[in-house]
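*Asks:* Following this message is one structure expressed as C-alpha cells.
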Amino acid sequence: MLKDKVIIVTGAGSGIGRAASIIFARAGAKVLATDYNEAAVQETAALVGKAGGTAKAMQVDVSKEADVIAMVDFAVKSFGRLDGAFNNAGVPMHGKRVDELSEGEWDRVLDINLKGVFFCMKYETLAMSKSGGGAIVNTASANGLVGNPNSVEYIASKHGVVGITRGAACDAAVTKVRVNAVLPGVIKTAMVNDLLVNPEMKDFFDTTLARHTVGRLGEPEDIGYAAKWLLSDEASFMNGAAVCVDGGYTAR
Ligand SMILES: NC(=O)c1ccc[n+]([C@@H]2O[C@H](COP(=O)([O-])OP(=O)(O)OC[C@H]3O[C@@H](n4cnc5c(N)ncnc54)[C@H](O)[C@@H]3O)[C@@H](O)[C@H]2O)c1
C-alpha cells in the first residue's frame with residue numbers, strides 16, 4: 001500500500017509510533033523513524049530491519065524548529081524525496097485541574113503536542129511540494145473532540161491538532177499535500193500502562209473502558225493501520241478529516 005514511499009514518523013521510539021513504523025515498512029515504505037529518545041528510536045529502526053523493512057533512525061525534538069528542519073533534510077538526503085509523514089510525537093497531561101496547572105506545564109504540552117505538529121507540517125509540506133505532493137497524518141486524540149477532567153493543557157493541544165489539520169488541509173489544492181488526523185481512544189502504550197496498574201486509577205479506567213463500546217482498549221497497531229491507509233493513495237480523497245480510531249469512545 002505504501003510501496004517505495006518515503007515516510008517520516010515522529011515519536012517512533014515507542015507505542016503507536018513504533019508500531020506504525022513497522023506497519024509502514026511492511027507495506028513497502030522507506031521510513032525515517034525519529035524520536036526525542038535516541039536509544040529507543042534506534043531500537044525501532046532495528047525492529048523494522050528485522051521485519052524485513054527499510055528504516056533509518058534520528059534523534060529529533062519536535063518542539064525545536066532546527067531539529068525539525070534537520071529531520072526533513074535528512075529524510076530527503078537519505079531517500080531522495082519525501083512522500084508522507086506521521087506526526088505522532090506527544091506527551092500526556094500533568095493530571096492537574098485547571099486551577100492547579102502552572103504556565104510552565106501548559107507551555108510544555110502545547111510546545112510538543114501542538115507547536116511540534118506545526119513545525120513538522122511546515123517543513124514536510126515544503127519538501128513534499130517539491131516532488132509533486134504527499135500526505136500527512138497527525139496524531140490528535142479523542143480528547144481533540146471531547147473534554148475530560150485534569151487535562152486542560154492536553155485537551156487544548158489535541159483540539160488544536162484537529163484545528164491545524166483542517167486548516168492545513170485547506171491549502172491542499174496549492175501544496176498538493178493532503179492532511180488528516182487520527183484520533184485514538186485509550187491505547188495500551190507506555191503513556192497509559194503505568195496508570196493501568198495503579199490501584200488509585202482503577203475506577204477511572206473501569207469507566208473509561210466502558211466508554212470503548214467495542215469492549216476493549218486499543219492496541220498501537222489499531223492506530224498504525226488507520227494511518228497507513230490515510231497515507232496511501234487509496235485515501236486520495238481524504239483531506240481534513242478527524243478520523244476517530246477509538247473503539248466507539250466518542251460515539252456515545
Ligand atoms: N496512548 C493513548 O491512549 C493515546 C490516546 C490518544 C492519543 N495519543 C497520542 O498518541 C501519540 C503517541 O503516544 P503513545 O501512546 O504511543 O505514547 P508513548 O509515550 O509510547 O510514545 C510517545 C513518544 O513520543 C516521544 N516524544 C515525546 N516528546 C517528544 C519530543 N519533544 N520530540 C520527539 N519525540 C517526543 C517519546 O519519547 C515517545 O517515544 C501521542 O501524540 C499521544 O498524545 C495516545
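In the C-alpha cells, chains take the letters A, B, ... in the order shown, each chain's residues start at 1, and ligands count up from 1 in the order shown.
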Need the shell around range 100-112 of chain A: protein/DNA/RNA residues with any atom at most 6 Å away, counting only C-alpha atoms. Skip same-chain ones fewer than 6 positions apart. Format as a VMD selection string?

*Replies:* chain A and resid 63 153 157

*Asks:* If you count only C-alpha atoms, which residues fall within 6 Å of range 133-142 of chain A, apart from same-chain ones fewer than 5 positions away, as a PyMOL selection string?

*Replies:* chain A and resi 83-88+128+158+161+176-185+231

*Asks:* Figure out the distance between CA of Ile23 in chain A and CA of Met1 in chain A, please, to one decimal in Å.

*Replies:*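 We find that CA of Met1 in chain A and CA of Ile23 in chain A lie 10.4 Å from each other.
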
*Asks:* Do you have the CA of Tyr225 in chain A-atom 20 (O, counted along the ligand's line) of ligand 1 distance handy?

*Replies:*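 Computed distance, CA of Tyr225 in chain A to atom 20 (O, counted along the ligand's line) of ligand 1, equals 16.4 Å.
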
*Asks:* Find the nearest atom pair between each residue of chain A and ligand 1 for residues within 6 Å, count only C-alpha atoms and all ligand atoms, give distances in Å to one decimal, sort rows by chain and ascending number, and present the table as JSON lines.

*Replies:*
```
{"residue": "A:Gly11", "atom": "CA", "partner": "ligand 1", "partner_atom_place_in_ligand_line": "24 (O)", "distance": 3.5}
{"residue": "A:Ala12", "atom": "CA", "partner": "ligand 1", "partner_atom_place_in_ligand_line": "39 (O)", "distance": 5.7}
{"residue": "A:Gly13", "atom": "CA", "partner": "ligand 1", "partner_atom_place_in_ligand_line": "39 (O)", "distance": 4.0}
{"residue": "A:Ser14", "atom": "CA", "partner": "ligand 1", "partner_atom_place_in_ligand_line": "39 (O)", "distance": 4.2}
{"residue": "A:Gly15", "atom": "CA", "partner": "ligand 1", "partner_atom_place_in_ligand_line": "16 (O)", "distance": 3.5}
{"residue": "A:Ile16", "atom": "CA", "partner": "ligand 1", "partner_atom_place_in_ligand_line": "16 (O)", "distance": 3.8}
{"residue": "A:Gly17", "atom": "CA", "partner": "ligand 1", "partner_atom_place_in_ligand_line": "16 (O)", "distance": 5.7}
{"residue": "A:Asp35", "atom": "CA", "partner": "ligand 1", "partner_atom_place_in_ligand_line": "34 (N)", "distance": 4.0}
{"residue": "A:Tyr36", "atom": "CA", "partner": "ligand 1", "partner_atom_place_in_ligand_line": "33 (C)", "distance": 4.0}
{"residue": "A:Asn37", "atom": "CA", "partner": "ligand 1", "partner_atom_place_in_ligand_line": "37 (O)", "distance": 4.9}
{"residue": "A:Val60", "atom": "CA", "partner": "ligand 1", "partner_atom_place_in_ligand_line": "33 (C)", "distance": 5.4}
{"residue": "A:Asp61", "atom": "CA", "partner": "ligand 1", "partner_atom_place_in_ligand_line": "32 (N)", "distance": 3.5}
{"residue": "A:Val62", "atom": "CA", "partner": "ligand 1", "partner_atom_place_in_ligand_line": "32 (N)", "distance": 4.1}
{"residue": "A:Ser63", "atom": "CA", "partner": "ligand 1", "partner_atom_place_in_ligand_line": "31 (N)", "distance": 5.3}
{"residue": "A:Asn88", "atom": "CA", "partner": "ligand 1", "partner_atom_place_in_ligand_line": "41 (O)", "distance": 4.7}
{"residue": "A:Ala89", "atom": "CA", "partner": "ligand 1", "partner_atom_place_in_ligand_line": "24 (O)", "distance": 3.9}
{"residue": "A:Gly90", "atom": "CA", "partner": "ligand 1", "partner_atom_place_in_ligand_line": "41 (O)", "distance": 3.5}
{"residue": "A:Val91", "atom": "CA", "partner": "ligand 1", "partner_atom_place_in_ligand_line": "27 (C)", "distance": 5.3}
{"residue": "A:Pro92", "atom": "CA", "partner": "ligand 1", "partner_atom_place_in_ligand_line": "43 (O)", "distance": 5.8}
{"residue": "A:Ile112", "atom": "CA", "partner": "ligand 1", "partner_atom_place_in_ligand_line": "31 (N)", "distance": 5.0}
{"residue": "A:Thr139", "atom": "CA", "partner": "ligand 1", "partner_atom_place_in_ligand_line": "41 (O)", "distance": 5.3}
{"residue": "A:Ala140", "atom": "CA", "partner": "ligand 1", "partner_atom_place_in_ligand_line": "7 (C)", "distance": 5.7}
{"residue": "A:Ser141", "atom": "CA", "partner": "ligand 1", "partner_atom_place_in_ligand_line": "6 (C)", "distance": 4.0}
{"residue": "A:Pro184", "atom": "CA", "partner": "ligand 1", "partner_atom_place_in_ligand_line": "6 (C)", "distance": 4.4}
{"residue": "A:Gly185", "atom": "CA", "partner": "ligand 1", "partner_atom_place_in_ligand_line": "5 (C)", "distance": 5.1}
{"residue": "A:Val186", "atom": "CA", "partner": "ligand 1", "partner_atom_place_in_ligand_line": "3 (O)", "distance": 3.4}
{"residue": "A:Ile187", "atom": "CA", "partner": "ligand 1", "partner_atom_place_in_ligand_line": "3 (O)", "distance": 3.7}
{"residue": "A:Lys188", "atom": "CA", "partner": "ligand 1", "partner_atom_place_in_ligand_line": "1 (N)", "distance": 5.8}
{"residue": "A:Thr189", "atom": "CA", "partner": "ligand 1", "partner_atom_place_in_ligand_line": "15 (O)", "distance": 4.8}
{"residue": "A:Ala190", "atom": "CA", "partner": "ligand 1", "partner_atom_place_in_ligand_line": "20 (O)", "distance": 4.5}
{"residue": "A:Met191", "atom": "CA", "partner": "ligand 1", "partner_atom_place_in_ligand_line": "19 (O)", "distance": 4.4}
{"residue": "A:Val192", "atom": "CA", "partner": "ligand 1", "partner_atom_place_in_ligand_line": "1 (N)", "distance": 5.7}
```

*Asks:* To test your reading of the structure, identify every residue in range 91-170 of chain A that backbone DSSP assigns to helix (DSSP H, G or I), and report it as an MDAnalysis selection string.

*Replies:* chainID A and resid 103:130 142:144 152:169

*Asks:* Please, which residues of range 68-191 of chain A, numbered as in this document, come out strand (DSSP E) from DSSP, as a tab-separated table (two decimals) with N, CA and C atoms, in the first residue's frame?

*Replies:*
```
chain	number	residue	atom	x	y	z
A	84	GLY	N	5.44	11.21	2.64
A	84	GLY	CA	4.44	11.14	3.70
A	84	GLY	C	5.05	11.37	5.06
A	85	ALA	N	4.19	11.70	6.02
A	85	ALA	CA	4.66	11.89	7.40
A	85	ALA	C	3.55	11.55	8.37
A	86	PHE	N	3.95	10.90	9.46
A	86	PHE	CA	3.03	10.61	10.57
A	86	PHE	C	3.55	11.38	11.77
A	87	ASN	N	2.92	12.53	12.02
A	87	ASN	CA	3.35	13.43	13.11
A	87	ASN	C	2.65	13.00	14.39
A	134	GLY	N	2.07	14.99	-1.43
A	134	GLY	CA	2.18	13.87	-0.50
A	134	GLY	C	1.02	13.86	0.48
A	135	ALA	N	1.24	13.21	1.61
A	135	ALA	CA	0.17	13.09	2.60
A	135	ALA	C	0.75	13.16	4.01
A	136	ILE	N	0.01	13.83	4.88
A	136	ILE	CA	0.40	13.95	6.29
A	136	ILE	C	-0.73	13.41	7.15
A	137	VAL	N	-0.36	12.66	8.19
A	137	VAL	CA	-1.33	12.25	9.21
A	137	VAL	C	-0.80	12.74	10.57
A	138	ASN	N	-1.62	13.47	11.28
A	138	ASN	CA	-1.26	13.96	12.62
A	138	ASN	C	-2.00	13.14	13.67
A	139	THR	N	-1.31	12.82	14.76
A	139	THR	CA	-2.00	12.12	15.85
A	139	THR	C	-2.61	13.15	16.79
A	177	VAL	N	-0.59	18.57	-0.81
A	177	VAL	CA	-0.37	17.71	0.36
A	177	VAL	C	-1.71	17.55	1.10
A	178	ARG	N	-2.18	16.30	1.18
A	178	ARG	CA	-3.38	16.01	1.96
A	178	ARG	C	-3.00	15.95	3.44
A	179	VAL	N	-3.89	16.43	4.31
A	179	VAL	CA	-3.59	16.41	5.75
A	179	VAL	C	-4.81	15.90	6.51
A	180	ASN	N	-4.63	14.81	7.24
A	180	ASN	CA	-5.70	14.24	8.05
A	180	ASN	C	-5.20	13.98	9.47
A	181	ALA	N	-6.13	13.74	10.37
A	181	ALA	CA	-5.75	13.41	11.75
A	181	ALA	C	-6.38	12.09	12.17
A	182	VAL	N	-5.62	11.31	12.96
A	182	VAL	CA	-6.23	10.16	13.64
A	182	VAL	C	-6.46	10.55	15.10
A	183	LEU	N	-7.60	10.11	15.62
A	183	LEU	CA	-7.98	10.45	16.99
A	183	LEU	C	-8.12	9.16	17.80
A	184	PRO	N	-7.01	8.71	18.43
A	184	PRO	CA	-7.09	7.44	19.17
A	184	PRO	C	-7.94	7.57	20.43
```

*Asks:* Could you state the separation of CA of Gln59 in chain A and CA of Thr165 in chain A in Å, given to one decimal place?

*Replies:*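 Between these atoms lies a distance of 24.4 Å.
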
*Asks:* What's the 8 Å shell around range 64-71 of chain A, counting only C-alpha atoms, without same-chain residues fewer than 5 positions away, as a ChimeraX atom specification?

*Replies:* /A:34,58,116,119-120,123

*Asks:* Include C-alpha atoms and write out the residues we just selected as a short mmCIF file (atom, residue, chain, number, x, y, z; two decimals), in the first residue's frame.

*Replies:*
```cif
data_model
loop_
_atom_site.label_atom_id
_atom_site.label_comp_id
_atom_site.auth_asym_id
_atom_site.auth_seq_id
_atom_site.Cartn_x
_atom_site.Cartn_y
_atom_site.Cartn_z
CA THR A 34 12.52 9.85 14.76
CA MET A 58 17.29 10.03 14.08
CA GLY A 116 5.69 20.48 17.20
CA PHE A 119 6.81 22.78 12.67
CA CYS A 120 6.58 19.28 11.18
CA TYR A 123 8.80 21.72 6.63
#
```

*Asks:* Counting only C-alpha atoms, figure out which residue out of A:Val117, A:Leu2, A:Cys170, A:Arg211 gets nearest to Ala235 in chain A.

*Replies:*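 Of A:Val117, A:Leu2, A:Cys170, A:Arg211, the one nearest Ala235 in chain A, counting only C-alpha atoms, is A:Leu2.
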
*Asks:* Would you pick out the contacts of Val31 in chain A at 10 Å or less, using only C-alpha atoms, so that residues sharing its chain but fewer than 4 positions from it are not included, and give the list as a list in words?

*Replies:*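 Everything that qualifies: Asp4, Lys5, Val6, Ile7, Ile8, Val9, Ala20, Ser21, Ile22, Phe24, Ala25, Ala45, Val48, Gly53, Thr54, Ala55, Lys56, Ala57, Ala75, Phe79, Leu82, Gly84 and Ala85 of chain A.
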